[in-house]
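J.: Please find final30.cif (mmCIF, C-alpha atoms (C1' of nucleotides)) on the next line:
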```cif
data_model
loop_
_atom_site.label_atom_id
_atom_site.label_comp_id
_atom_site.auth_asym_id
_atom_site.auth_seq_id
_atom_site.Cartn_x
_atom_site.Cartn_y
_atom_site.Cartn_z
CA MET A 89 51.28 -29.14 -122.09
CA LYS A 90 51.55 -25.45 -121.40
CA THR A 91 54.64 -23.80 -122.75
CA LEU A 92 56.07 -20.52 -121.60
CA LYS A 93 55.70 -17.74 -124.10
CA TYR A 94 57.90 -14.67 -124.19
CA SER A 95 56.41 -11.44 -122.99
CA ARG A 96 57.96 -8.01 -122.97
CA GLN A 97 56.17 -7.20 -119.77
CA ARG A 98 57.72 -10.16 -117.98
CA GLU A 99 61.17 -9.21 -119.20
CA SER A 100 60.65 -5.69 -118.01
CA ILE A 101 59.48 -6.89 -114.60
CA LYS A 102 62.52 -9.11 -114.25
CA ALA A 103 64.87 -6.38 -115.42
CA CYS A 104 63.30 -3.97 -112.95
CA LEU A 105 63.87 -6.38 -110.07
CA MET A 106 67.43 -7.12 -111.09
CA GLY A 107 68.16 -3.45 -111.43
CA ARG A 108 67.34 -2.45 -107.90
CA ARG A 109 68.88 -3.26 -104.57
CA ASP A 110 65.82 -2.52 -102.47
CA HIS A 111 63.03 -5.04 -102.11
CA PRO A 112 60.08 -3.66 -104.01
CA THR A 113 56.47 -4.64 -103.57
CA ALA A 114 54.33 -5.68 -106.53
CA ASP A 115 52.97 -2.15 -106.59
CA ASP A 116 56.47 -0.66 -106.62
CA VAL A 117 57.31 -2.81 -109.64
CA TYR A 118 54.03 -1.83 -111.26
CA LEU A 119 54.74 1.88 -110.85
CA SER A 120 58.24 1.39 -112.18
CA ILE A 121 57.46 -0.49 -115.36
CA ARG A 122 54.47 1.69 -116.08
CA GLN A 123 57.00 4.21 -117.31
CA GLU A 124 57.94 1.82 -120.07
CA TYR A 125 54.52 0.18 -120.56
CA PRO A 126 51.88 2.69 -119.49
CA ASN A 127 49.06 0.19 -120.04
CA VAL A 128 50.51 -2.65 -118.02
CA SER A 129 48.08 -3.87 -115.39
CA LEU A 130 48.79 -4.71 -111.78
CA GLY A 131 47.40 -8.19 -112.34
CA THR A 132 50.05 -8.81 -114.97
CA VAL A 133 52.72 -7.75 -112.52
CA TYR A 134 51.40 -10.09 -109.83
CA ARG A 135 51.03 -12.97 -112.24
CA ASN A 136 54.53 -12.61 -113.59
CA LEU A 137 56.12 -12.09 -110.20
CA ASN A 138 54.53 -15.28 -108.99
CA LEU A 139 55.59 -17.04 -112.18
CA LEU A 140 59.18 -15.88 -111.71
CA VAL A 141 59.05 -17.15 -108.15
CA GLU A 142 57.84 -20.54 -109.40
CA LEU A 143 60.66 -20.58 -111.94
CA GLY A 144 63.10 -19.91 -109.14
CA GLU A 145 64.33 -16.69 -110.71
CA VAL A 146 62.97 -14.47 -107.97
CA GLN A 147 62.36 -14.76 -104.27
CA LYS A 148 59.22 -13.65 -102.48
CA LEU A 149 59.67 -12.09 -99.05
CA SER A 150 56.79 -12.33 -96.56
CA PHE A 151 57.87 -11.14 -93.17
CA GLY A 152 54.69 -10.63 -91.27
CA TYR A 153 53.38 -7.19 -92.03
CA GLY A 154 52.77 -5.07 -95.09
CA PRO A 155 52.67 -6.43 -98.61
CA ASP A 156 55.00 -9.10 -99.92
CA ARG A 157 58.27 -7.99 -101.41
CA PHE A 158 60.38 -9.39 -104.18
CA ASP A 159 64.08 -9.97 -104.56
CA ALA A 160 65.99 -11.07 -107.67
CA ASP A 161 69.25 -11.54 -105.75
CA LEU A 162 69.69 -15.30 -105.82
CA MET A 163 72.87 -15.32 -103.72
CA PRO A 164 71.69 -16.99 -100.51
CA HIS A 165 71.23 -14.35 -97.85
CA TYR A 166 68.94 -13.31 -95.04
CA HIS A 167 66.97 -10.14 -94.39
CA PHE A 168 66.67 -7.60 -91.63
CA VAL A 169 63.42 -5.71 -91.09
CA CYS A 170 63.31 -2.45 -89.16
CA ARG A 171 60.26 -2.52 -86.91
CA ASN A 172 60.27 1.25 -86.86
CA CYS A 173 60.31 2.24 -90.52
CA GLY A 174 59.81 -1.08 -92.30
CA THR A 175 63.01 -0.90 -94.30
CA ILE A 176 64.49 -4.18 -95.45
CA ALA A 177 68.24 -4.72 -95.51
CA ASP A 178 70.23 -7.59 -96.93
CA LEU A 179 72.30 -9.57 -94.48
CA PRO A 180 75.15 -11.22 -96.39
CA LEU A 181 75.06 -14.27 -94.14
CA LYS A 182 75.77 -17.79 -95.27
CA PRO A 183 72.69 -20.00 -94.92
CA PHE A 184 72.30 -22.12 -91.82
CA PRO A 185 71.60 -25.65 -93.10
CA GLU A 186 72.14 -27.02 -89.57
CA LEU A 187 68.85 -25.39 -88.63
CA ASN A 188 67.01 -27.74 -90.93
CA ARG A 189 68.89 -30.72 -89.53
CA GLU A 190 68.17 -29.72 -85.94
CA ALA A 191 64.53 -29.07 -86.66
CA GLN A 192 64.24 -32.33 -88.57
CA GLN A 193 65.09 -34.24 -85.40
CA CYS A 194 61.88 -33.14 -83.73
CA CYS A 195 59.67 -33.11 -86.82
CA GLU A 196 57.57 -35.98 -88.06
CA GLY A 197 57.38 -34.65 -91.60
CA ARG A 198 60.20 -33.83 -93.99
CA ILE A 199 61.75 -30.38 -93.72
CA ASP A 200 63.23 -29.00 -96.90
CA SER A 201 63.70 -25.34 -96.13
CA HIS A 202 63.24 -22.55 -93.67
CA SER A 203 62.73 -18.83 -93.76
CA THR A 204 64.28 -16.51 -91.24
CA TYR A 205 63.82 -12.79 -90.84
CA PHE A 206 65.68 -10.65 -88.34
CA TYR A 207 63.94 -7.74 -86.65
CA GLY A 208 65.13 -4.67 -84.83
CA MET A 209 65.87 -1.03 -85.45
CA CYS A 210 67.87 0.18 -88.41
CA ARG A 211 70.79 2.57 -88.09
CA ASN A 212 68.80 5.47 -89.40
CA CYS A 213 65.98 5.04 -86.91
CA MET A 214 68.43 4.55 -84.04
CA PHE A 215 69.62 8.11 -84.52
CA GLN A 216 66.18 9.56 -85.09
CA GLU A 217 64.32 7.90 -82.25
CA PRO A 218 65.65 9.21 -78.93
CA SER A 219 64.73 6.06 -77.02
CA GLN A 220 62.92 2.87 -77.73
CA ASP A 221 61.23 0.61 -75.22
CA MET B 204 46.11 7.13 -69.18
CA LYS B 205 44.12 4.29 -70.65
CA THR B 206 43.52 1.43 -68.28
CA LEU B 207 42.66 -2.10 -69.26
CA LYS B 208 39.10 -3.08 -68.46
CA TYR B 209 37.92 -6.64 -67.98
CA SER B 210 35.87 -8.14 -70.74
CA ARG B 211 34.25 -11.56 -70.84
CA GLN B 212 34.91 -11.79 -74.54
CA ARG B 213 38.63 -11.29 -74.08
CA GLU B 214 38.75 -13.96 -71.38
CA SER B 215 36.90 -16.33 -73.64
CA ILE B 216 39.28 -15.63 -76.52
CA LYS B 217 42.27 -16.29 -74.31
CA ALA B 218 40.73 -19.43 -72.84
CA CYS B 219 39.97 -20.67 -76.34
CA LEU B 220 43.55 -20.19 -77.42
CA MET B 221 44.97 -21.81 -74.32
CA GLY B 222 42.63 -24.74 -74.72
CA ARG B 223 43.76 -25.82 -78.14
CA ARG B 224 46.98 -27.21 -79.47
CA ASP B 225 46.45 -26.20 -83.06
CA HIS B 226 47.16 -22.68 -84.26
CA PRO B 227 43.81 -21.11 -85.02
CA THR B 228 43.20 -18.11 -87.23
CA ALA B 229 41.18 -15.14 -85.98
CA ASP B 230 38.22 -16.62 -87.78
CA ASP B 231 38.69 -20.00 -86.12
CA VAL B 232 38.64 -18.30 -82.73
CA TYR B 233 35.61 -16.30 -83.77
CA LEU B 234 33.67 -19.42 -84.76
CA SER B 235 34.70 -21.11 -81.54
CA ILE B 236 33.69 -18.42 -79.07
CA ARG B 237 30.51 -17.70 -80.95
CA GLN B 238 29.15 -20.81 -79.29
CA GLU B 239 29.48 -19.05 -75.94
CA TYR B 240 28.80 -15.49 -77.14
CA PRO B 241 26.64 -15.69 -80.25
CA ASN B 242 26.77 -11.93 -80.76
CA VAL B 243 30.52 -11.52 -80.58
CA SER B 244 31.90 -9.76 -83.63
CA LEU B 245 34.95 -10.63 -85.65
CA GLY B 246 36.35 -7.16 -85.02
CA THR B 247 36.29 -7.84 -81.29
CA VAL B 248 38.23 -11.03 -81.86
CA TYR B 249 40.85 -9.26 -83.96
CA ARG B 250 41.15 -6.38 -81.50
CA ASN B 251 41.59 -8.66 -78.53
CA LEU B 252 43.98 -11.00 -80.27
CA ASN B 253 46.18 -8.07 -81.17
CA LEU B 254 45.87 -6.74 -77.63
CA LEU B 255 46.92 -10.09 -76.19
CA VAL B 256 49.88 -10.09 -78.55
CA GLU B 257 50.86 -6.62 -77.32
CA LEU B 258 50.55 -7.82 -73.73
CA GLY B 259 52.86 -10.69 -74.58
CA GLU B 260 50.29 -13.30 -73.63
CA VAL B 261 49.88 -14.64 -77.13
CA GLN B 262 52.06 -15.03 -80.18
CA LYS B 263 51.06 -14.14 -83.72
CA LEU B 264 52.31 -16.43 -86.48
CA SER B 265 52.75 -15.00 -89.97
CA PHE B 266 54.47 -17.47 -92.19
CA GLY B 267 53.93 -16.23 -95.67
CA TYR B 268 50.60 -17.50 -96.89
CA GLY B 269 47.09 -17.65 -95.59
CA PRO B 270 45.80 -15.67 -92.65
CA ASP B 271 47.77 -15.05 -89.48
CA ARG B 272 47.52 -17.64 -86.76
CA PHE B 273 47.69 -17.35 -83.01
CA ASP B 274 49.42 -19.38 -80.36
CA ALA B 275 49.08 -19.09 -76.58
CA ASP B 276 51.95 -21.49 -75.92
CA LEU B 277 54.63 -19.21 -74.51
CA MET B 278 57.28 -21.91 -74.19
CA PRO B 279 59.85 -20.87 -76.80
CA HIS B 280 59.49 -23.09 -79.82
CA TYR B 281 59.51 -23.03 -83.60
CA HIS B 282 56.94 -24.00 -86.19
CA PHE B 283 56.77 -26.29 -89.17
CA VAL B 284 54.44 -25.54 -92.06
CA CYS B 285 53.37 -28.21 -94.52
CA ARG B 286 53.47 -26.72 -98.00
CA ASN B 287 50.97 -29.30 -99.14
CA CYS B 288 48.10 -29.00 -96.68
CA GLY B 289 49.06 -25.90 -94.69
CA THR B 290 49.09 -27.66 -91.32
CA ILE B 291 51.24 -26.10 -88.62
CA ALA B 292 53.16 -28.26 -86.18
CA ASP B 293 55.08 -27.24 -83.09
CA LEU B 294 58.78 -27.99 -83.10
CA PRO B 295 59.97 -28.25 -79.49
CA LEU B 296 63.33 -26.74 -80.35
CA LYS B 297 65.33 -24.50 -78.05
CA PRO B 298 65.71 -21.03 -79.52
CA PHE B 299 68.84 -20.15 -81.48
CA PRO B 300 70.15 -16.93 -79.94
CA GLU B 301 73.41 -17.35 -81.82
CA LEU B 302 71.52 -16.51 -85.00
CA ASN B 303 70.94 -13.00 -83.74
CA ARG B 304 74.60 -12.65 -82.81
CA GLU B 305 75.78 -13.89 -86.19
CA ALA B 306 73.35 -11.68 -88.04
CA GLN B 307 74.30 -8.71 -85.89
CA GLN B 308 77.84 -8.90 -87.20
CA CYS B 309 76.75 -7.96 -90.68
CA CYS B 310 73.93 -5.61 -89.73
CA GLU B 311 74.23 -1.87 -89.28
CA GLY B 312 71.11 -1.63 -87.13
CA ARG B 313 70.36 -3.38 -83.86
CA ILE B 314 68.83 -6.85 -84.09
CA ASP B 315 66.62 -7.87 -81.20
CA SER B 316 64.79 -10.90 -82.51
CA HIS B 317 64.17 -13.18 -85.42
CA SER B 318 61.39 -15.36 -86.70
CA THR B 319 62.00 -18.71 -88.31
CA TYR B 320 59.53 -21.05 -89.96
CA PHE B 321 60.39 -24.45 -91.33
CA TYR B 322 58.71 -25.75 -94.47
CA GLY B 323 58.25 -29.14 -96.01
CA MET B 324 55.75 -31.95 -96.17
CA CYS B 325 54.00 -33.32 -93.13
CA ARG B 326 53.84 -37.01 -92.32
CA ASN B 327 50.25 -37.26 -93.38
CA CYS B 328 50.83 -35.74 -96.80
CA MET B 329 53.95 -37.87 -97.34
CA PHE B 330 51.76 -40.96 -97.32
CA GLN B 331 48.97 -39.47 -99.36
CA GLU B 332 50.99 -37.83 -102.11
CA PRO B 333 52.70 -40.54 -104.19
CA SER B 334 55.52 -38.23 -105.28
CA GLN B 335 56.37 -34.60 -104.93
CA ASP B 336 58.60 -32.60 -107.24
"C1'" DA C 58 23.47 4.92 -57.71
"C1'" DT C 59 26.13 7.21 -60.92
"C1'" DA C 60 29.63 9.08 -63.95
"C1'" DG C 61 33.21 8.29 -67.02
"C1'" DA C 62 36.14 5.46 -69.54
"C1'" DA C 63 36.73 1.37 -72.10
"C1'" DA C 64 34.78 -2.42 -74.77
"C1'" DT C 65 31.41 -4.06 -77.76
"C1'" DA C 66 28.45 -5.28 -82.00
"C1'" DA C 67 27.46 -4.03 -86.32
"C1'" DT C 68 28.89 -2.14 -90.20
"C1'" DA C 69 31.80 0.12 -93.50
"C1'" DA C 70 36.20 0.74 -95.34
"C1'" DT C 71 40.81 -0.55 -96.71
"C1'" DA C 72 44.70 -3.25 -98.39
"C1'" DA C 73 46.57 -6.91 -100.86
"C1'" DT C 74 45.88 -10.23 -104.00
"C1'" DT C 75 43.53 -13.32 -107.21
"C1'" DA C 76 39.97 -14.42 -110.75
"C1'" DC C 77 37.52 -13.51 -115.04
"C1'" DT C 78 37.10 -12.40 -119.86
"C1'" DA C 79 37.41 -10.37 -124.25
"C1'" DT C 80 41.29 -8.96 -126.92
"C1'" DT C 81 46.07 -9.03 -128.25
"C1'" DT C 82 50.47 -11.17 -129.09
"C1'" DA C 83 54.01 -14.64 -129.76
"C1'" DT C 84 55.29 -18.59 -132.21
"C1'" DA C 85 54.94 -22.85 -134.84
"C1'" DT C 86 53.19 -24.42 -139.21
"C1'" DT C 87 51.89 -23.93 -143.58
"C1'" DA D 181 54.30 -14.00 -145.67
"C1'" DA D 182 49.66 -15.78 -144.03
"C1'" DT D 183 47.41 -18.45 -140.56
"C1'" DA D 184 46.14 -21.09 -136.57
"C1'" DT D 185 46.46 -21.63 -131.81
"C1'" DA D 186 47.89 -21.30 -127.37
"C1'" DA D 187 49.47 -18.08 -124.03
"C1'" DA D 188 49.59 -13.44 -122.21
"C1'" DT D 189 47.51 -9.14 -121.55
"C1'" DA D 190 44.54 -5.06 -119.95
"C1'" DG D 191 40.79 -3.91 -117.64
"C1'" DT D 192 37.72 -5.01 -114.36
"C1'" DA D 193 35.45 -7.46 -110.73
"C1'" DA D 194 35.75 -10.35 -106.85
"C1'" DT D 195 37.89 -12.25 -102.76
"C1'" DT D 196 40.44 -12.44 -98.53
"C1'" DA D 197 42.22 -10.63 -94.45
"C1'" DT D 198 42.19 -6.98 -91.55
"C1'" DT D 199 41.35 -2.35 -89.60
"C1'" DA D 200 38.36 1.76 -88.76
"C1'" DT D 201 34.03 3.99 -87.32
"C1'" DT D 202 30.26 4.77 -84.28
"C1'" DA D 203 26.33 4.36 -81.43
"C1'" DT D 204 25.40 1.48 -77.57
"C1'" DT D 205 26.68 -1.38 -73.70
"C1'" DT D 206 29.43 -2.73 -69.81
"C1'" DC D 207 32.84 -2.34 -66.43
"C1'" DT D 208 34.64 -0.05 -62.33
"C1'" DA D 209 35.91 3.71 -59.26
"C1'" DT D 210 33.62 7.00 -56.54
#
```
Please, can you express the file's structure as structure tokens?
T.:
Amino acid sequence: MKTLKYSRQRESIKACLMGRRDHPTADDVYLSIRQEYPNVSLGTVYRNLNLLVELGEVQKLSFGYGPDRFDADLMPHYHFVCRNCGTIADLPLKPFPELNREAQQCCEGRIDSHSTYFYGMCRNCMFQEPSQD
Amino acid sequence: MKTLKYSRQRESIKACLMGRRDHPTADDVYLSIRQEYPNVSLGTVYRNLNLLVELGEVQKLSFGYGPDRFDADLMPHYHFVCRNCGTIADLPLKPFPELNREAQQCCEGRIDSHSTYFYGMCRNCMFQEPSQD
DNA sequence: ATAGAAATAATAATAATTACTATTTATATT
DNA sequence: AATATAAATAGTAATTATTATTATTTCTAT
């Protein structure tokens, strides 16, 4: 059996994620922890991020364009993506379990989860962009 | 101003998409229309698929792993993704506009849409896989 | 028939991520 | 404390998915 062995790099990656409220990419995390471990490699960051996702300690966000992002906030919530600048914002919304139930009624397989991302224009871009069509 | 010019390849790509009920990747479409146009290039397929998406004639599906998929079914509906085999299934569900309204209440920007994908195990895999954990 | 704009095929380049491998490190056992 | 061993790492290469470049071809309006 394969047992999990402590690694400073993994701790640092997790601490980095827990310490920030944005939703960094693997590369963002890499650049951040390189200050503490200058020899860390990007592969290590990817491997540990994916491991943390498997362990359920971190969430991976894939919303259709750009690289995946990571989020250590385990409080259930949704995300808003600005189509203009790409910023991600947390939406402190309670989950919608009724979606799964509704979808289950027209699905032959078994649904156990869903992912939802909201899109639009963030406050900042609304003031910058004179008009959007 | 740039005007849209007819192209046989684009028609073929659109016809291919409209003719199938699965959700092909760009490469799937490429392999398919290569039977009609053996010299078509993958870049042409990507360019036209993206163009058709811009024109609103086709939908792009990005659900978190694997390549993007394309869907010419414009009837509003959702999608189910089997985590086991990756199959996509249509869910003939009416859209949930109330999600946008609910999310809007805790969002500083303006929400205009959302994307939702359901995940689980398809019927086929449920019978093949003895147990899933 | 022709001119000009748009689309194409072929290829190269890029972005994001995973795979490989020799070396290092954590940890259980002596 | 020394050692064995399994896991993790750094560094690099490879892969996957997609976009960019460019010379040539193909539409279409005149």
J.: Excluding same-chain residues fewer than 2 positions from segment 77-79 of chain C, what lies within 9 Å of it counting only C-alpha atoms (C1' of nucleotides), as a PyMOL selection string?
T.: chain D and resi 192-194
J.: Write the selection just made, keeping C-alpha atoms (C1' of nucleotides), as a compact mmCIF listing (two decimals), in the coordinates of the input?
T.:
```txt
# COMPACT_ATOMS: atom_id res chain seq x y z
C1' DT D 192 37.72 -5.01 -114.36
C1' DA D 193 35.45 -7.46 -110.73
C1' DA D 194 35.75 -10.35 -106.85
```
J.: Taking 5 positions as the minimum chain separation for residues in the same chain, which residues sit within 12 Å of Val128 of chain A when counting all atoms listed in the file? Answer as a list in words.
T.: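 The residues that qualify are Ser95, Arg96, Gln97, Arg98, Ser100, Ile101, Asp115, Val117, Tyr118, Leu119, Ser120, Ile121, Arg122, Gln123, Val133, Tyr134, Arg135 and Asn136 of chain A; DA188, DT189, DA190 and DG191 of chain D.
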J.: Applied to this file, what does the PyMOL selection byres ((chain A and resi 172) around 9) return in terms of residues, put as a list in words?
T.: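 That selection, the PyMOL selection byres ((chain A and resi 172) around 9), comes back as Val169, Cys170, Arg171, Cys173, Gly174, Thr175, Gly208, Met209, Cys210 and Cys213 of chain A.
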J.: Please write the residues from the selection above to a file, keeping C-alpha atoms, as a short mmCIF file (atom, residue, chain, number, x, y, z; two decimals), in the coordinates of the input.
T.:
```
data_model
loop_
_atom_site.label_atom_id
_atom_site.label_comp_id
_atom_site.auth_asym_id
_atom_site.auth_seq_id
_atom_site.Cartn_x
_atom_site.Cartn_y
_atom_site.Cartn_z
CA VAL A 169 63.42 -5.71 -91.09
CA CYS A 170 63.31 -2.45 -89.16
CA ARG A 171 60.26 -2.52 -86.91
CA CYS A 173 60.31 2.24 -90.52
CA GLY A 174 59.81 -1.08 -92.30
CA THR A 175 63.01 -0.90 -94.30
CA GLY A 208 65.13 -4.67 -84.83
CA MET A 209 65.87 -1.03 -85.45
CA CYS A 210 67.87 0.18 -88.41
CA CYS A 213 65.98 5.04 -86.91
#
```
J.: Just need the residues of chain B within 7 Å of chain A, counting only C-alpha atoms, so spit them out as number ranges by chain.
T.: B: 265-267, 294-296, 306, 309-326
J.: Give the answer as one residue: which of B:Cys219, B:Leu258, B:Glu239, B:Gly269 has the shortest atom-to-atom distance to chain C, using all atoms listed in the file?
T.: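 Of B:Cys219, B:Leu258, B:Glu239, B:Gly269, the one nearest chain C, counting all atoms listed in the file, is B:Gly269.
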J.: Work out how far apart atom CA of Val141 of chain A and atom CA of Tyr125 of chain A are and give it in Å to one decimal.
T.: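 Those two atoms sit 21.8 Å apart.
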J.: Name the residues that the PyMOL selection byres ((chain A) within 8 of (chain D)) picks from the file above, as a list of chain:residue names, using the file's chain letters and numbers.
T.: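 So the PyMOL selection byres ((chain A) within 8 of (chain D)) ends up selecting A:Thr91, A:Leu92, A:Lys93, A:Ser95, A:Asn127, A:Val128, A:Ser129, A:Thr132.
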J.: Please write the residues from the selection above to a file, keeping C-alpha atoms, as an mmCIF file, in the coordinates of the input.
T.:
```
data_model
loop_
_atom_site.group_PDB
_atom_site.id
_atom_site.type_symbol
_atom_site.label_atom_id
_atom_site.label_comp_id
_atom_site.auth_asym_id
_atom_site.auth_seq_id
_atom_site.Cartn_x
_atom_site.Cartn_y
_atom_site.Cartn_z
ATOM 1 C CA THR A 91 54.640 -23.800 -122.750
ATOM 2 C CA LEU A 92 56.070 -20.520 -121.600
ATOM 3 C CA LYS A 93 55.700 -17.740 -124.100
ATOM 4 C CA SER A 95 56.410 -11.440 -122.990
ATOM 5 C CA ASN A 127 49.060 0.190 -120.040
ATOM 6 C CA VAL A 128 50.510 -2.650 -118.020
ATOM 7 C CA SER A 129 48.080 -3.870 -115.390
ATOM 8 C CA THR A 132 50.050 -8.810 -114.970
#
```
J.: Give me the result of the PyMOL selection byres ((chain C) within 10 of (chain A)) on this file, residue by residue, as a PyMOL selection string.
T.: chain C and resi 72-76+82-84
J.: Tell me, in Å to one decimal, how far atom CA of Leu139 of chain A is from atom CA of Pro126 of chain A.
T.: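 Answer for the atom CA of Leu139 of chain A to atom CA of Pro126 of chain A separation: 21.4 Å.
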J.: Give the superposed chain B as a compact mmCIF listing (two decimals) with C-alpha atoms, in the frame of the given file, the fit being least squares on chain A over all ordered C-alpha pairs.
T.:
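Contents of result_38.txt, as written:
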```
# COMPACT_ATOMS: atom_id res chain seq x y z
CA MET B 204 51.35 -29.09 -122.24
CA LYS B 205 51.55 -25.39 -121.56
CA THR B 206 54.64 -23.73 -122.91
CA LEU B 207 56.08 -20.46 -121.72
CA LYS B 208 55.69 -17.63 -124.20
CA TYR B 209 57.88 -14.55 -124.30
CA SER B 210 56.37 -11.35 -123.06
CA ARG B 211 57.93 -7.90 -123.02
CA GLN B 212 56.17 -7.11 -119.79
CA ARG B 213 57.70 -10.08 -118.03
CA GLU B 214 61.17 -9.13 -119.24
CA SER B 215 60.64 -5.61 -118.02
CA ILE B 216 59.47 -6.85 -114.62
CA LYS B 217 62.52 -9.05 -114.28
CA ALA B 218 64.86 -6.30 -115.45
CA CYS B 219 63.29 -3.93 -112.95
CA LEU B 220 63.86 -6.34 -110.11
CA MET B 221 67.42 -7.09 -111.13
CA GLY B 222 68.16 -3.41 -111.44
CA ARG B 223 67.34 -2.44 -107.90
CA ARG B 224 68.87 -3.26 -104.58
CA ASP B 225 65.82 -2.55 -102.49
CA HIS B 226 63.02 -5.08 -102.13
CA PRO B 227 60.07 -3.68 -104.01
CA THR B 228 56.45 -4.67 -103.55
CA ALA B 229 54.31 -5.70 -106.52
CA ASP B 230 52.97 -2.18 -106.56
CA ASP B 231 56.45 -0.68 -106.59
CA VAL B 232 57.30 -2.79 -109.62
CA TYR B 233 54.02 -1.82 -111.22
CA LEU B 234 54.71 1.90 -110.80
CA SER B 235 58.22 1.42 -112.12
CA ILE B 236 57.44 -0.45 -115.32
CA ARG B 237 54.46 1.74 -116.03
CA GLN B 238 56.97 4.29 -117.24
CA GLU B 239 57.92 1.89 -120.03
CA TYR B 240 54.50 0.27 -120.52
CA PRO B 241 51.85 2.76 -119.44
CA ASN B 242 49.05 0.26 -120.01
CA VAL B 243 50.49 -2.59 -118.00
CA SER B 244 48.08 -3.83 -115.36
CA LEU B 245 48.77 -4.69 -111.77
CA GLY B 246 47.40 -8.18 -112.35
CA THR B 247 50.06 -8.77 -114.99
CA VAL B 248 52.72 -7.73 -112.52
CA TYR B 249 51.39 -10.08 -109.85
CA ARG B 250 51.03 -12.96 -112.30
CA ASN B 251 54.54 -12.57 -113.63
CA LEU B 252 56.12 -12.07 -110.24
CA ASN B 253 54.54 -15.28 -109.05
CA LEU B 254 55.61 -17.01 -112.25
CA LEU B 255 59.20 -15.85 -111.77
CA VAL B 256 59.06 -17.15 -108.22
CA GLU B 257 57.86 -20.53 -109.50
CA LEU B 258 60.68 -20.55 -112.04
CA GLY B 259 63.12 -19.90 -109.22
CA GLU B 260 64.35 -16.67 -110.77
CA VAL B 261 62.99 -14.46 -108.03
CA GLN B 262 62.38 -14.77 -104.32
CA LYS B 263 59.23 -13.67 -102.52
CA LEU B 264 59.68 -12.15 -99.07
CA SER B 265 56.82 -12.40 -96.59
CA PHE B 266 57.91 -11.22 -93.21
CA GLY B 267 54.76 -10.69 -91.28
CA TYR B 268 53.46 -7.24 -92.02
CA GLY B 269 52.83 -5.16 -95.08
CA PRO B 270 52.69 -6.50 -98.60
CA ASP B 271 55.00 -9.17 -99.95
CA ARG B 272 58.27 -8.03 -101.43
CA PHE B 273 60.38 -9.43 -104.21
CA ASP B 274 64.08 -9.98 -104.59
CA ALA B 275 65.99 -11.05 -107.70
CA ASP B 276 69.25 -11.53 -105.80
CA LEU B 277 69.70 -15.29 -105.87
CA MET B 278 72.86 -15.32 -103.76
CA PRO B 279 71.70 -17.00 -100.54
CA HIS B 280 71.25 -14.36 -97.89
CA TYR B 281 68.97 -13.32 -95.07
CA HIS B 282 66.98 -10.18 -94.42
CA PHE B 283 66.68 -7.63 -91.66
CA VAL B 284 63.44 -5.74 -91.11
CA CYS B 285 63.33 -2.49 -89.18
CA ARG B 286 60.29 -2.56 -86.93
CA ASN B 287 60.28 1.21 -86.88
CA CYS B 288 60.31 2.22 -90.53
CA GLY B 289 59.81 -1.12 -92.29
CA THR B 290 63.02 -0.92 -94.31
CA ILE B 291 64.50 -4.21 -95.46
CA ALA B 292 68.24 -4.74 -95.54
CA ASP B 293 70.22 -7.62 -96.97
CA LEU B 294 72.31 -9.59 -94.52
CA PRO B 295 75.15 -11.26 -96.43
CA LEU B 296 75.06 -14.30 -94.17
CA LYS B 297 75.78 -17.84 -95.30
CA PRO B 298 72.71 -20.03 -94.93
CA PHE B 299 72.29 -22.16 -91.81
CA PRO B 300 71.59 -25.68 -93.06
CA GLU B 301 72.16 -27.04 -89.57
CA LEU B 302 68.88 -25.41 -88.56
CA ASN B 303 67.00 -27.79 -90.82
CA ARG B 304 68.89 -30.75 -89.40
CA GLU B 305 68.23 -29.71 -85.82
CA ALA B 306 64.58 -29.05 -86.51
CA GLN B 307 64.26 -32.34 -88.36
CA GLN B 308 65.13 -34.20 -85.19
CA CYS B 309 61.95 -33.10 -83.50
CA CYS B 310 59.71 -33.09 -86.56
CA GLU B 311 57.57 -35.97 -87.74
CA GLY B 312 57.34 -34.66 -91.30
CA ARG B 313 60.16 -33.92 -93.72
CA ILE B 314 61.71 -30.46 -93.52
CA ASP B 315 63.18 -29.12 -96.74
CA SER B 316 63.66 -25.45 -96.03
CA HIS B 317 63.21 -22.63 -93.60
CA SER B 318 62.73 -18.91 -93.72
CA THR B 319 64.30 -16.56 -91.23
CA TYR B 320 63.84 -12.83 -90.84
CA PHE B 321 65.70 -10.69 -88.36
CA TYR B 322 63.99 -7.76 -86.67
CA GLY B 323 65.17 -4.69 -84.86
CA MET B 324 65.90 -1.05 -85.48
CA CYS B 325 67.89 0.17 -88.44
CA ARG B 326 70.81 2.56 -88.13
CA ASN B 327 68.80 5.45 -89.43
CA CYS B 328 65.98 5.02 -86.94
CA MET B 329 68.45 4.53 -84.07
CA PHE B 330 69.61 8.10 -84.56
CA GLN B 331 66.18 9.55 -85.12
CA GLU B 332 64.30 7.88 -82.30
CA PRO B 333 65.63 9.19 -78.96
CA SER B 334 64.63 6.04 -77.08
CA GLN B 335 62.74 2.89 -77.83
CA ASP B 336 60.97 0.70 -75.30
```
J.: How many Å separate atom CA of His111 of chain A from atom CA of Met163 of chain A?
T.: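 Separation between atom CA of His111 of chain A and atom CA of Met163 of chain A: 14.3 Å.
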